[in-house]
file final.cif (mmCIF, C-alpha atoms)
data_entry
#
loop_
_atom_site.label_atom_id
_atom_site.label_comp_id
_atom_site.auth_asym_id
_atom_site.auth_seq_id
_atom_site.Cartn_x
_atom_site.Cartn_y
_atom_site.Cartn_z
CA MET P 26 -52.10 -49.87 74.72
CA ALA P 27 -51.42 -47.73 77.68
CA GLY P 28 -49.67 -45.15 75.58
CA ASP P 29 -52.80 -44.14 73.81
CA GLY P 30 -54.46 -43.18 77.00
CA GLY P 31 -51.40 -41.42 78.22
CA ALA P 32 -51.14 -38.96 75.40
CA ARG P 33 -51.28 -35.38 76.43
CA VAL P 34 -50.87 -32.11 74.71
CA ARG P 35 -49.49 -28.81 75.80
CA TRP P 36 -50.85 -26.01 73.73
CA PRO P 37 -49.28 -23.28 73.93
CA LEU P 38 -50.17 -20.22 75.99
CA GLY P 39 -48.72 -20.09 79.43
CA ALA P 40 -49.02 -17.18 81.80
CA GLY P 41 -45.98 -15.52 80.28
CA ALA P 42 -47.37 -15.74 76.79
CA VAL P 43 -50.70 -14.33 77.90
CA LEU P 44 -48.91 -11.42 79.55
CA ALA P 45 -46.94 -10.84 76.38
CA LEU P 46 -50.13 -10.77 74.36
CA LEU P 47 -51.66 -8.23 76.71
CA LEU P 48 -48.58 -6.07 76.51
CA SER P 49 -48.64 -6.30 72.75
CA ALA P 50 -52.29 -5.28 72.60
CA ALA P 51 -51.53 -2.30 74.83
CA GLY P 52 -48.77 -1.14 72.56
CA GLY P 53 -46.00 -2.27 74.83
CA GLY P 54 -43.70 -5.26 74.76
CA GLY P 55 -42.97 -7.43 71.78
CA PRO P 56 -45.10 -9.91 69.92
CA ALA P 57 -46.28 -12.93 71.85
CA SER P 58 -43.99 -15.94 71.59
CA ALA P 59 -45.70 -19.27 72.11
CA ALA P 60 -44.19 -22.62 71.33
CA ALA P 61 -46.23 -25.76 71.07
CA GLY P 62 -45.21 -29.20 72.21
CA SER P 63 -46.85 -32.56 72.20
CA SER P 64 -46.07 -35.84 73.91
CA ALA P 65 -47.27 -39.39 74.24
CA ALA P 66 -46.46 -41.81 77.02
CA ALA P 67 -46.85 -45.38 78.18
CA THR P 68 -46.05 -47.25 81.37
CA GLN P 69 -44.19 -50.54 81.46
CA PRO P 70 -43.46 -52.72 84.50
CA VAL P 71 -40.00 -54.23 84.83
CA SER P 72 -38.68 -56.84 87.20
CA THR P 73 -35.39 -58.62 87.64
CA ALA P 74 -34.82 -62.23 88.38
CA SER P 75 -33.25 -63.58 91.53
CA ALA P 76 -31.35 -66.68 92.43
CA ARG P 77 -31.73 -67.66 96.06
CA VAL P 78 -30.83 -71.23 96.77
CA VAL P 79 -31.00 -72.52 100.33
CA VAL P 80 -29.71 -75.71 101.87
CA GLN P 81 -31.20 -76.57 105.20
CA ALA P 82 -31.07 -79.52 107.53
CA GLY P 83 -34.08 -81.75 107.35
CA THR P 84 -35.91 -84.20 105.20
CA GLN P 85 -38.73 -81.97 103.97
CA PRO P 86 -38.78 -78.29 103.03
CA ALA P 87 -41.59 -77.58 105.46
CA SER P 88 -39.60 -78.80 108.44
CA ALA P 89 -36.16 -77.70 107.34
CA GLY P 90 -33.89 -75.86 109.74
CA ALA P 91 -31.92 -72.71 109.28
CA ALA P 92 -29.46 -72.14 106.48
CA PRO P 93 -26.61 -72.81 106.07
CA MET P 94 -26.88 -76.36 107.19
CA VAL P 95 -24.76 -77.18 110.17
CA LEU P 96 -23.16 -80.57 109.83
CA ALA P 97 -22.81 -82.48 113.02
CA SER P 98 -20.08 -84.96 113.64
CA LEU P 99 -22.17 -88.07 113.26
CA LEU P 100 -21.40 -91.50 112.11
CA GLY P 101 -24.87 -91.92 110.67
CA PRO P 102 -26.43 -90.21 107.68
CA GLN P 103 -27.68 -86.65 107.76
CA PHE P 104 -30.33 -85.20 105.52
CA ALA P 105 -30.78 -81.81 103.95
CA VAL P 106 -33.08 -80.15 101.48
CA VAL P 107 -32.13 -77.69 98.80
CA THR P 108 -34.78 -75.21 97.74
CA ASP P 109 -34.63 -72.31 95.35
CA LEU P 110 -36.49 -69.25 96.56
CA GLY P 111 -35.52 -67.23 93.53
CA THR P 112 -37.45 -66.46 90.38
CA ALA P 113 -35.00 -67.63 87.75
CA GLN P 114 -33.36 -70.88 86.92
CA PRO P 115 -29.74 -70.57 88.07
CA SER P 116 -27.12 -71.24 85.47
CA LYS P 117 -24.62 -72.89 87.78
CA VAL P 118 -24.22 -73.92 91.35
CA LEU P 119 -21.54 -74.54 93.90
CA TYR P 120 -21.97 -76.89 96.80
CA ASP P 121 -19.27 -76.46 99.37
CA VAL P 122 -18.40 -77.34 102.91
CA SER P 123 -16.38 -75.45 105.43
CA GLY P 124 -14.73 -76.47 108.65
CA LEU P 125 -14.24 -80.04 107.54
CA ALA P 126 -10.86 -81.63 107.13
CA VAL P 127 -12.36 -84.56 105.26
CA LEU P 128 -15.00 -84.03 102.63
CA PRO P 129 -18.19 -85.91 103.27
CA SER P 130 -20.19 -87.71 100.65
CA VAL P 131 -23.27 -85.86 99.44
CA THR P 132 -25.87 -87.49 97.19
CA ALA P 133 -28.81 -85.65 95.73
CA CYS P 134 -32.21 -87.16 95.08
CA SER P 135 -35.22 -85.62 93.34
CA GLN P 136 -37.51 -87.14 95.95
CA PRO P 137 -37.27 -87.61 99.69
CA TRP P 138 -34.99 -90.40 100.72
CA THR P 139 -36.52 -93.61 101.94
CA VAL P 140 -34.99 -94.42 105.27
CA PRO P 141 -35.44 -98.01 106.44
CA THR P 142 -35.22 -98.94 110.07
CA LEU P 143 -32.22 -100.96 109.28
CA GLY P 144 -30.06 -100.52 106.26
CA THR P 145 -29.05 -97.81 103.85
CA PRO P 146 -31.31 -94.95 102.73
CA SER P 147 -32.46 -95.27 99.16
CA CYS P 148 -33.42 -92.81 96.43
CA ALA P 149 -36.22 -93.46 93.97
CA ASP P 150 -34.22 -92.07 91.06
CA GLY P 151 -30.97 -93.63 92.15
CA GLY P 152 -29.45 -90.34 93.28
CA ARG P 153 -26.40 -88.52 91.98
CA ALA P 154 -23.25 -87.55 93.79
CA LEU P 155 -22.71 -83.83 94.29
CA PRO P 156 -19.22 -82.54 93.59
CA LEU P 157 -18.16 -80.43 96.56
CA GLY P 158 -16.12 -77.30 96.04
CA VAL P 159 -16.63 -77.43 92.28
CA THR P 160 -18.85 -75.06 90.37
CA THR P 161 -21.02 -76.96 87.98
CA ALA P 162 -23.56 -76.09 85.32
CA ASP P 163 -24.80 -79.65 85.02
CA PRO P 164 -28.57 -79.33 84.66
CA ALA P 165 -28.96 -82.46 86.71
CA LEU P 166 -27.27 -80.76 89.64
CA VAL P 167 -28.40 -77.16 89.36
CA PRO P 168 -31.36 -76.32 91.60
CA SER P 169 -34.51 -74.78 90.24
CA PRO P 170 -37.41 -72.83 91.68
CA ALA P 171 -39.60 -75.60 90.35
CA ARG P 172 -37.97 -78.51 92.16
CA THR P 173 -36.34 -79.47 95.43
CA TRP P 174 -33.25 -81.52 95.94
CA TYR P 175 -33.01 -83.94 98.83
CA LEU P 176 -29.51 -84.57 100.08
CA LEU P 177 -28.02 -87.49 101.88
CA ILE P 178 -24.79 -86.63 103.64
CA THR P 179 -22.53 -89.27 105.02
CA GLY P 180 -18.96 -89.44 106.22
CA VAL P 181 -19.03 -86.32 108.36
CA VAL P 182 -16.18 -86.73 110.78
CA SER P 183 -16.19 -83.27 112.29
CA ALA P 184 -18.57 -80.34 112.68
CA GLY P 185 -18.87 -77.95 109.79
CA THR P 186 -21.31 -76.33 107.47
CA LEU P 187 -22.71 -77.11 104.07
CA GLN P 188 -23.63 -74.24 101.88
CA VAL P 189 -24.73 -73.68 98.31
CA SER P 190 -24.19 -70.78 95.97
CA ALA P 191 -26.07 -70.09 92.77
CA TRP P 192 -25.51 -67.87 89.77
CA LEU P 193 -28.04 -66.18 87.59
CA PRO P 194 -28.03 -67.38 84.01
CA VAL P 195 -26.16 -65.79 81.18
CA GLY P 196 -28.16 -63.04 79.56
CA THR P 197 -30.35 -63.51 76.56
CA THR P 198 -31.73 -61.18 73.93
CA GLY P 199 -35.38 -61.29 73.07
CA SER P 200 -37.65 -59.32 70.79
CA SER P 201 -41.36 -59.12 71.20
CA MET U 29 -85.16 62.51 91.05
CA SER U 30 -87.98 61.01 89.15
CA ARG U 31 -86.40 62.15 85.90
CA THR U 32 -83.27 60.63 86.83
CA THR U 33 -85.18 57.48 87.59
CA GLY U 34 -86.96 57.65 84.26
CA ALA U 35 -83.71 58.01 82.38
CA HIS U 36 -82.31 55.01 84.23
CA VAL U 37 -85.29 53.01 83.24
CA ALA U 38 -84.96 54.13 79.67
CA HIS U 39 -81.27 53.31 79.72
CA THR U 40 -82.01 49.98 81.24
CA ALA U 41 -84.62 49.26 78.64
CA GLY U 42 -82.26 50.34 75.87
CA HIS U 43 -79.54 48.12 77.24
CA ALA U 44 -81.93 45.16 77.24
CA VAL U 45 -82.77 45.77 73.62
CA LEU U 46 -79.06 45.75 72.67
CA THR U 47 -78.49 42.52 74.51
CA LYS U 48 -81.19 40.66 72.62
CA ALA U 49 -79.80 41.96 69.35
CA ALA U 50 -76.34 40.74 70.20
CA ALA U 51 -77.68 37.36 71.21
CA GLY U 52 -79.45 37.07 67.89
CA ALA U 53 -76.25 37.91 66.05
CA VAL U 54 -74.33 35.28 67.98
CA LEU U 55 -76.92 32.65 67.23
CA THR U 56 -76.82 33.55 63.60
CA ALA U 57 -73.05 33.32 63.55
CA VAL U 58 -73.10 29.92 65.30
CA ALA U 59 -75.66 28.62 62.90
CA GLY U 60 -73.53 29.82 60.04
CA LEU U 61 -70.46 28.18 61.43
CA ALA U 62 -72.40 25.00 62.00
CA VAL U 63 -73.49 24.97 58.42
CA THR U 64 -69.99 25.76 57.22
CA GLY U 65 -68.42 23.24 59.60
CA GLY U 66 -70.81 20.55 58.54
CA GLY U 67 -69.63 21.02 55.08
CA VAL U 68 -65.97 20.55 56.17
CA TYR U 69 -66.46 17.21 57.99
CA ALA U 70 -68.82 15.52 55.57
CA LEU U 71 -66.02 13.79 53.55
CA LEU U 72 -66.76 11.25 50.90
CA LYS U 73 -65.81 7.67 51.95
CA ALA U 74 -65.42 4.42 50.08
CA ASN U 75 -64.85 0.85 51.38
CA ALA U 76 -63.66 -2.31 49.71
CA TYR U 77 -63.56 -5.80 51.15
CA ASN U 78 -62.89 -9.32 50.01
CA ALA U 79 -66.10 -10.82 48.80
CA THR U 80 -64.89 -14.21 49.96
CA ALA U 81 -63.85 -14.29 53.59
CA GLU U 82 -60.27 -15.29 54.29
CA GLY U 83 -60.14 -18.44 56.33
CA VAL U 84 -57.65 -18.73 59.18
CA SER U 85 -56.89 -21.84 61.17
CA ALA U 86 -54.34 -22.75 63.79
CA GLY U 87 -52.33 -25.88 63.34
CA THR U 88 -52.30 -28.80 65.74
CA LEU U 89 -49.42 -30.70 67.22
CA LEU U 90 -50.41 -34.19 68.27
CA LEU U 91 -48.37 -37.25 69.06
CA THR U 92 -49.53 -40.81 69.57
CA LEU U 93 -47.69 -43.86 70.84
CA THR U 94 -48.72 -47.38 69.94
CA ASP U 95 -47.23 -50.84 69.81
CA SER U 96 -45.67 -51.41 66.42
CA GLY U 97 -47.23 -54.26 64.54
CA THR U 98 -47.33 -57.41 66.60
CA SER U 99 -44.83 -56.18 69.15
CA LYS U 100 -45.82 -56.14 72.78
CA GLY U 101 -44.49 -52.61 72.92
CA PHE U 102 -44.65 -51.09 76.35
CA SER U 103 -47.88 -52.76 77.28
CA THR U 104 -46.44 -55.87 78.85
CA THR U 105 -44.00 -56.52 81.66
CA LEU U 106 -40.32 -57.05 81.16
CA GLY U 107 -40.20 -59.89 83.64
CA SER U 108 -37.37 -61.67 85.43
CA LEU U 109 -34.51 -59.88 83.76
CA ALA U 110 -31.15 -61.47 84.41
CA PRO U 111 -27.76 -59.84 83.93
CA SER U 112 -26.92 -59.35 80.25
CA ASP U 113 -30.52 -59.88 79.23
CA VAL U 114 -31.74 -57.61 76.46
CA VAL U 115 -35.38 -57.17 75.60
CA ASN U 116 -36.33 -55.43 72.38
CA ARG U 117 -39.71 -53.83 72.01
CA TYR U 118 -41.04 -51.92 69.04
CA VAL U 119 -43.25 -48.87 69.08
CA GLU U 120 -44.68 -46.43 66.61
CA VAL U 121 -44.72 -42.73 67.34
CA LYS U 122 -46.94 -40.78 64.98
CA ASN U 123 -47.37 -37.08 64.44
CA THR U 124 -51.12 -36.95 63.94
CA GLY U 125 -51.33 -33.18 64.02
CA SER U 126 -51.22 -30.73 61.14
CA LEU U 127 -47.87 -29.23 62.01
CA ASP U 128 -44.48 -30.70 61.50
CA GLY U 129 -42.70 -31.61 64.69
CA THR U 130 -39.10 -31.29 65.62
CA ASN U 131 -36.76 -32.33 68.37
CA VAL U 132 -38.29 -35.71 69.14
CA THR U 133 -37.18 -36.76 72.59
CA LEU U 134 -37.66 -39.66 74.95
CA GLN U 135 -37.73 -39.36 78.71
CA LEU U 136 -38.20 -41.98 81.35
CA ALA U 137 -39.89 -41.91 84.71
CA ASP U 138 -40.07 -44.62 87.33
CA GLN U 139 -43.50 -44.55 88.85
CA ALA U 140 -42.56 -46.89 91.67
CA ALA U 141 -43.05 -45.39 95.11
CA THR U 142 -39.37 -45.87 95.78
CA PRO U 143 -37.32 -46.24 92.61
CA SER U 144 -34.80 -49.06 92.79
CA LEU U 145 -31.28 -49.44 91.49
CA LEU U 146 -32.80 -50.29 88.16
CA THR U 147 -33.55 -46.65 87.52
CA THR U 148 -31.30 -44.87 89.99
CA ASP U 149 -27.92 -46.48 89.34
CA ALA U 150 -26.41 -45.53 85.98
CA THR U 151 -23.95 -48.40 86.15
CA LYS U 152 -25.81 -51.32 87.65
CA GLY U 153 -29.27 -50.27 86.51
CA LEU U 154 -31.10 -50.64 83.25
CA GLN U 155 -29.49 -49.51 80.04
CA VAL U 156 -31.69 -48.22 77.24
CA THR U 157 -30.88 -48.16 73.55
CA VAL U 158 -33.35 -46.58 71.14
CA THR U 159 -32.91 -47.01 67.40
CA PRO U 160 -35.12 -45.06 64.97
CA CYS U 161 -36.36 -46.42 61.70
CA ALA U 162 -38.40 -44.85 58.91
CA VAL U 163 -40.47 -48.00 58.44
CA ALA U 164 -41.85 -50.58 60.80
CA TRP U 165 -39.30 -52.96 62.20
CA THR U 166 -39.50 -56.59 61.35
CA PHE U 167 -38.38 -58.81 64.11
CA THR U 168 -37.79 -62.36 65.16
CA ALA U 169 -37.68 -63.75 68.64
CA SER U 170 -34.16 -62.52 69.14
CA SER U 171 -33.52 -59.58 66.82
CA GLY U 172 -35.06 -56.85 64.70
CA THR U 173 -34.41 -55.46 61.24
CA CYS U 174 -34.93 -51.97 59.86
CA SER U 175 -35.24 -52.30 56.10
CA SER U 176 -35.12 -48.60 55.27
CA GLY U 177 -34.15 -45.38 56.94
CA LEU U 178 -32.21 -46.71 59.89
CA GLY U 179 -31.44 -43.88 62.27
CA THR U 180 -28.70 -43.39 64.77
CA ALA U 181 -29.07 -45.42 67.91
CA VAL U 182 -29.06 -43.61 71.21
CA SER U 183 -27.78 -45.48 74.26
CA VAL U 184 -28.25 -44.11 77.72
CA ALA U 185 -28.69 -45.37 81.25
CA ALA U 186 -32.22 -45.38 82.55
CA ALA U 187 -31.04 -43.36 85.53
CA THR U 188 -29.80 -40.67 83.17
CA LEU U 189 -32.90 -40.80 81.03
CA ARG U 190 -34.98 -39.97 84.07
CA SER U 191 -33.41 -36.55 84.32
CA THR U 192 -32.23 -35.80 80.81
CA PRO U 193 -34.36 -36.50 77.75
CA ALA U 194 -32.59 -38.14 74.86
CA VAL U 195 -33.00 -36.62 71.41
CA LEU U 196 -34.07 -39.33 68.98
CA ASP U 197 -34.96 -37.43 65.83
CA THR U 198 -34.70 -33.86 64.67
CA VAL U 199 -37.83 -33.87 62.52
CA ILE U 200 -41.08 -35.76 62.38
CA ALA U 201 -43.29 -34.49 59.60
CA GLN U 202 -47.00 -34.15 60.15
CA GLY U 203 -48.89 -37.28 59.28
CA THR U 204 -45.82 -39.48 59.43
CA SER U 205 -44.56 -42.06 61.88
CA ARG U 206 -41.23 -42.96 63.34
CA TYR U 207 -40.61 -46.51 64.42
CA TYR U 208 -38.37 -47.18 67.35
CA GLN U 209 -36.68 -50.29 68.61
CA VAL U 210 -36.39 -49.81 72.34
CA SER U 211 -33.87 -52.17 73.89
CA VAL U 212 -33.76 -52.55 77.62
CA ALA U 213 -30.77 -54.33 79.06
CA LEU U 214 -29.68 -55.34 82.50
CA PRO U 215 -25.91 -54.96 82.53
CA ALA U 216 -23.69 -57.94 83.02
CA SER U 217 -22.72 -58.45 86.62
CA THR U 218 -21.59 -61.17 88.90
CA GLU U 219 -23.60 -61.82 91.98
CA VAL U 220 -23.56 -64.81 94.22
CA SER U 221 -26.33 -65.52 96.62
CA VAL U 222 -25.34 -67.74 99.48
CA ASN U 223 -27.76 -69.76 101.51
CA GLY U 224 -30.69 -67.87 100.14
CA VAL U 225 -29.34 -64.44 101.02
CA LEU U 226 -28.89 -61.91 98.25
CA PRO U 227 -25.67 -59.90 98.28
CA GLY U 228 -25.78 -56.25 99.26
CA GLY U 229 -26.63 -53.87 96.46
CA SER U 230 -28.05 -56.72 94.45
CA VAL U 231 -29.97 -56.08 91.27
CA GLN U 232 -31.92 -59.26 91.85
CA GLY U 233 -35.58 -59.25 92.67
CA LEU U 234 -36.03 -55.56 91.90
CA THR U 235 -38.93 -53.93 90.14
CA ALA U 236 -39.62 -50.73 88.31
CA SER U 237 -42.56 -49.13 86.63
CA LEU U 238 -41.25 -47.36 83.59
CA ARG U 239 -43.15 -44.52 82.02
CA TRP U 240 -41.84 -43.78 78.56
CA THR U 241 -42.66 -40.32 77.29
CA PHE U 242 -42.01 -39.32 73.74
CA ALA U 243 -42.28 -35.61 73.07
CA MET U 244 -41.77 -33.21 70.22
CA ASP U 245 -41.79 -29.48 69.69
CA GLN U 246 -43.52 -27.56 66.96
CA ARG U 247 -41.50 -26.76 63.90
CA ALA U 248 -39.78 -23.40 63.82
CA ALA U 249 -42.16 -20.48 63.33
CA THR U 250 -42.05 -18.95 59.87
CA THR U 251 -42.86 -15.67 58.17
CA THR U 252 -44.13 -16.04 54.63
CA SER U 253 -45.19 -13.71 51.87
CA SER U 254 -47.44 -14.60 48.99
#
call {"tool": "encode", "arguments": {"input": "final.cif", "output": "structure tokens"}}
result
Amino acid sequence: MAGDGGARVRWPLGAGAVLALLLSAAGGGGPASAAAGSSAAATQPVSTASARVVVQAGTQPASAGAAPMVLASLLGPQFAVVTDLGTAQPSKVLYDVSGLAVLPSVTACSQPWTVPTLGTPSCADGGRALPLGVTTADPALVPSPARTWYLLITGVVSAGTLQVSAWLPVGTTGSS
Amino acid sequence: MSRTTGAHVAHTAGHAVLTKAAAGAVLTAVAGLAVTGGGVYALLKANAYNATAEGVSAGTLLLTLTDSGTSKGFSTTLGSLAPSDVVNRYVEVKNTGSLDGTNVTLQLADQAATPSLLTTDATKGLQVTVTPCAVAWTFTASSGTCSSGLGTAVSVAAATLRSTPAVLDTVIAQGTSRYYQVSVALPASTEVSVNGVLPGGSVQGLTASLRWTFAMDQRAATTTSS
């Protein structure tokens, strides 16, 4: 391991001790006092996790707009993508809107929504409604660095914003 | 005139004769003194020495640091720590020299170009707890056990450990090992990132490069008679 290579030894005579020895040999000063010490060292990298969840307007992460998502007052559906730029799986999440007197309906899908020319958008996995303004630890609703959520937002009657907050997980203890 | 001259010559000649005689006497006296003096300084001498040479050797003070057993020790990264996470690693520190050691200490350095909050903030940064054991720790995925000789745990912030070494043991005899459980924790905290932006002063996404240095001093010097 790194520690083996990092071992070093200090033995023992510094300039002061050498001077003391010389003085002693010349009949002056006291006996030389030299203490020995030894050490061993190793280097270990450490990093902390991060939770950085972003909700942006758009249908694909590559073409998503700025965060937070600005909700326009539209009768038709609006789409957003939720991505996690962090390094750790968040433990809980809060989807919330601001500036809206009436809460819209937000449905999350694990895949991009299929939008027909006429008719209602559909989700391959059926979709699940997101509770707004409620912190949830439901694994089915918590974002992950490994997956993207696709949101369908309907019922926006006035301009506002949609934002998402994420929490790092509860700590764990590990031995290795 | 000539008589006077002759007398002077005779006197001179006589004087020369006396001078040679005196010189001879002086030489004789010096020779005598030399002989006498030689007799004074020619003392009898006797030596004795140990037939078998007395060996002398200086002791050595050597310390090694290795992973203990199957532990990853300090050789692998503590990755993606989250608040309240604790990672236990196990190391063996051995006094491989011929002298007993004392005052075993641990000090930390962050070799990152710019140390982060992890090692500069005593409150929000890493917390270190070191627990000595006389035998190798046995451990599971989540905990460790010292079956004999459990020492007193030392808990200190990494930021503090950078400037002030922590004393772990008072003695480490030559040829013996001490086994340490080194627990690194990221303190509990509440942080909320909104729209992908980390809060100010966040502990998220930080890194450090920890250099753990165990050190010991030589035992106290002694004066013995035998």
call {"tool": "resolve_selection", "arguments": {"input": "final.cif", "expression": "the PyMOL selection byres ((chain P) within 9 of (chain U))", "output": "PyMOL selection string"}}
result
chain P and resi 26-29+31-36+60-81+92-94+108-113+188-201
call {"tool": "residues_around", "arguments": {"input": "final.cif", "residues": "P:Thr132", "least_positions_apart": "5", "cutoff": "12 Å", "atoms": "all atoms listed in the file", "output": "MDAnalysis selection string"}}
result
chainID P and resid 102:107 120 137:138 146:148 150:157 166 174:180
call {"tool": "write_last_selection", "arguments": {"input": "final.cif", "atoms": "C-alpha atoms", "output": "short mmCIF file (atom, residue, chain, number, x, y, z; two decimals), in the frame of the given file"}}
result
data_model
loop_
_atom_site.label_atom_id
_atom_site.label_comp_id
_atom_site.auth_asym_id
_atom_site.auth_seq_id
_atom_site.Cartn_x
_atom_site.Cartn_y
_atom_site.Cartn_z
CA PRO P 102 -26.43 -90.21 107.68
CA GLN P 103 -27.68 -86.65 107.76
CA PHE P 104 -30.33 -85.20 105.52
CA ALA P 105 -30.78 -81.81 103.95
CA VAL P 106 -33.08 -80.15 101.48
CA VAL P 107 -32.13 -77.69 98.80
CA TYR P 120 -21.97 -76.89 96.80
CA PRO P 137 -37.27 -87.61 99.69
CA TRP P 138 -34.99 -90.40 100.72
CA PRO P 146 -31.31 -94.95 102.73
CA SER P 147 -32.46 -95.27 99.16
CA CYS P 148 -33.42 -92.81 96.43
CA ASP P 150 -34.22 -92.07 91.06
CA GLY P 151 -30.97 -93.63 92.15
CA GLY P 152 -29.45 -90.34 93.28
CA ARG P 153 -26.40 -88.52 91.98
CA ALA P 154 -23.25 -87.55 93.79
CA LEU P 155 -22.71 -83.83 94.29
CA PRO P 156 -19.22 -82.54 93.59
CA LEU P 157 -18.16 -80.43 96.56
CA LEU P 166 -27.27 -80.76 89.64
CA TRP P 174 -33.25 -81.52 95.94
CA TYR P 175 -33.01 -83.94 98.83
CA LEU P 176 -29.51 -84.57 100.08
CA LEU P 177 -28.02 -87.49 101.88
CA ILE P 178 -24.79 -86.63 103.64
CA THR P 179 -22.53 -89.27 105.02
CA GLY P 180 -18.96 -89.44 106.22
#
call {"tool": "resolve_selection", "arguments": {"input": "final.cif", "expression": "the PyMOL selection byres ((chain U and resi 206) around 9)", "output": "list in words"}}
result
Val119, Glu120, Val121, Lys122, Asn123, Pro160, Cys161, Ala162, Val163, Ala164, Asp197, Ile200, Thr204, Ser205, Tyr207 and Tyr208 of chain U
call {"tool": "atom_distance", "arguments": {"input": "final.cif", "atom1": "atom CA of U:Gly203", "atom2": "atom CA of U:Ser96"}}
result
16.2 Å
call {"tool": "atom_distance", "arguments": {"input": "final.cif", "atom1": "atom CA of P:Val95", "atom2": "atom CA of P:Pro168"}}
result
19.7 Å
call {"tool": "decode", "arguments": {"input": "final.cif", "residues": "stretch 197-212 of chain U", "atoms": "N, CA and C atoms", "output": "PDB file, in the first residue's frame"}}
result
ATOM      1  N   ASP U 197      -1.325   6.212  21.392  1.00  0.00           N
ATOM      2  CA  ASP U 197      -0.806   5.239  22.348  1.00  0.00           C
ATOM      3  C   ASP U 197       0.433   5.828  23.008  1.00  0.00           C
ATOM      4  N   THR U 198       0.663   5.415  24.239  1.00  0.00           N
ATOM      5  CA  THR U 198       1.841   5.913  24.941  1.00  0.00           C
ATOM      6  C   THR U 198       3.065   5.049  24.674  1.00  0.00           C
ATOM      7  N   VAL U 199       2.846   3.792  24.376  1.00  0.00           N
ATOM      8  CA  VAL U 199       3.974   2.871  24.177  1.00  0.00           C
ATOM      9  C   VAL U 199       3.677   1.938  23.015  1.00  0.00           C
ATOM     10  N   ILE U 200       4.691   1.658  22.240  1.00  0.00           N
ATOM     11  CA  ILE U 200       4.611   0.599  21.245  1.00  0.00           C
ATOM     12  C   ILE U 200       5.959  -0.114  21.266  1.00  0.00           C
ATOM     13  N   ALA U 201       5.935  -1.297  21.855  1.00  0.00           N
ATOM     14  CA  ALA U 201       7.183  -2.031  22.073  1.00  0.00           C
ATOM     15  C   ALA U 201       7.788  -2.463  20.745  1.00  0.00           C
ATOM     16  N   GLN U 202       9.099  -2.613  20.759  1.00  0.00           N
ATOM     17  CA  GLN U 202       9.776  -3.006  19.521  1.00  0.00           C
ATOM     18  C   GLN U 202       9.306  -4.388  19.094  1.00  0.00           C
ATOM     19  N   GLY U 203       9.082  -4.525  17.825  1.00  0.00           N
ATOM     20  CA  GLY U 203       8.642  -5.806  17.281  1.00  0.00           C
ATOM     21  C   GLY U 203       7.160  -6.059  17.395  1.00  0.00           C
ATOM     22  N   THR U 204       6.421  -5.106  17.957  1.00  0.00           N
ATOM     23  CA  THR U 204       4.980  -5.324  18.112  1.00  0.00           C
ATOM     24  C   THR U 204       4.192  -4.381  17.211  1.00  0.00           C
ATOM     25  N   SER U 205       2.919  -4.700  17.079  1.00  0.00           N
ATOM     26  CA  SER U 205       2.032  -3.901  16.230  1.00  0.00           C
ATOM     27  C   SER U 205       0.892  -3.344  17.058  1.00  0.00           C
ATOM     28  N   ARG U 206       0.374  -2.241  16.575  1.00  0.00           N
ATOM     29  CA  ARG U 206      -0.877  -1.709  17.080  1.00  0.00           C
ATOM     30  C   ARG U 206      -1.825  -1.672  15.894  1.00  0.00           C
ATOM     31  N   TYR U 207      -3.056  -1.995  16.186  1.00  0.00           N
ATOM     32  CA  TYR U 207      -4.066  -2.066  15.124  1.00  0.00           C
ATOM     33  C   TYR U 207      -5.099  -0.970  15.362  1.00  0.00           C
ATOM     34  N   TYR U 208      -5.326  -0.199  14.342  1.00  0.00           N
ATOM     35  CA  TYR U 208      -6.209   0.950  14.515  1.00  0.00           C
ATOM     36  C   TYR U 208      -7.406   0.867  13.580  1.00  0.00           C
ATOM     37  N   GLN U 209      -8.560   1.144  14.170  1.00  0.00           N
ATOM     38  CA  GLN U 209      -9.757   1.370  13.360  1.00  0.00           C
ATOM     39  C   GLN U 209      -9.836   2.879  13.134  1.00  0.00           C
ATOM     40  N   VAL U 210      -9.772   3.276  11.909  1.00  0.00           N
ATOM     41  CA  VAL U 210      -9.823   4.693  11.573  1.00  0.00           C
ATOM     42  C   VAL U 210     -11.175   4.972  10.921  1.00  0.00           C
ATOM     43  N   SER U 211     -11.998   5.699  11.640  1.00  0.00           N
ATOM     44  CA  SER U 211     -13.341   6.009  11.149  1.00  0.00           C
ATOM     45  C   SER U 211     -13.369   7.439  10.636  1.00  0.00           C
ATOM     46  N   VAL U 212     -13.821   7.580   9.431  1.00  0.00           N
ATOM     47  CA  VAL U 212     -13.954   8.904   8.833  1.00  0.00           C
ATOM     48  C   VAL U 212     -15.431   9.167   8.607  1.00  0.00           C
TER      49      VAL U 212
END
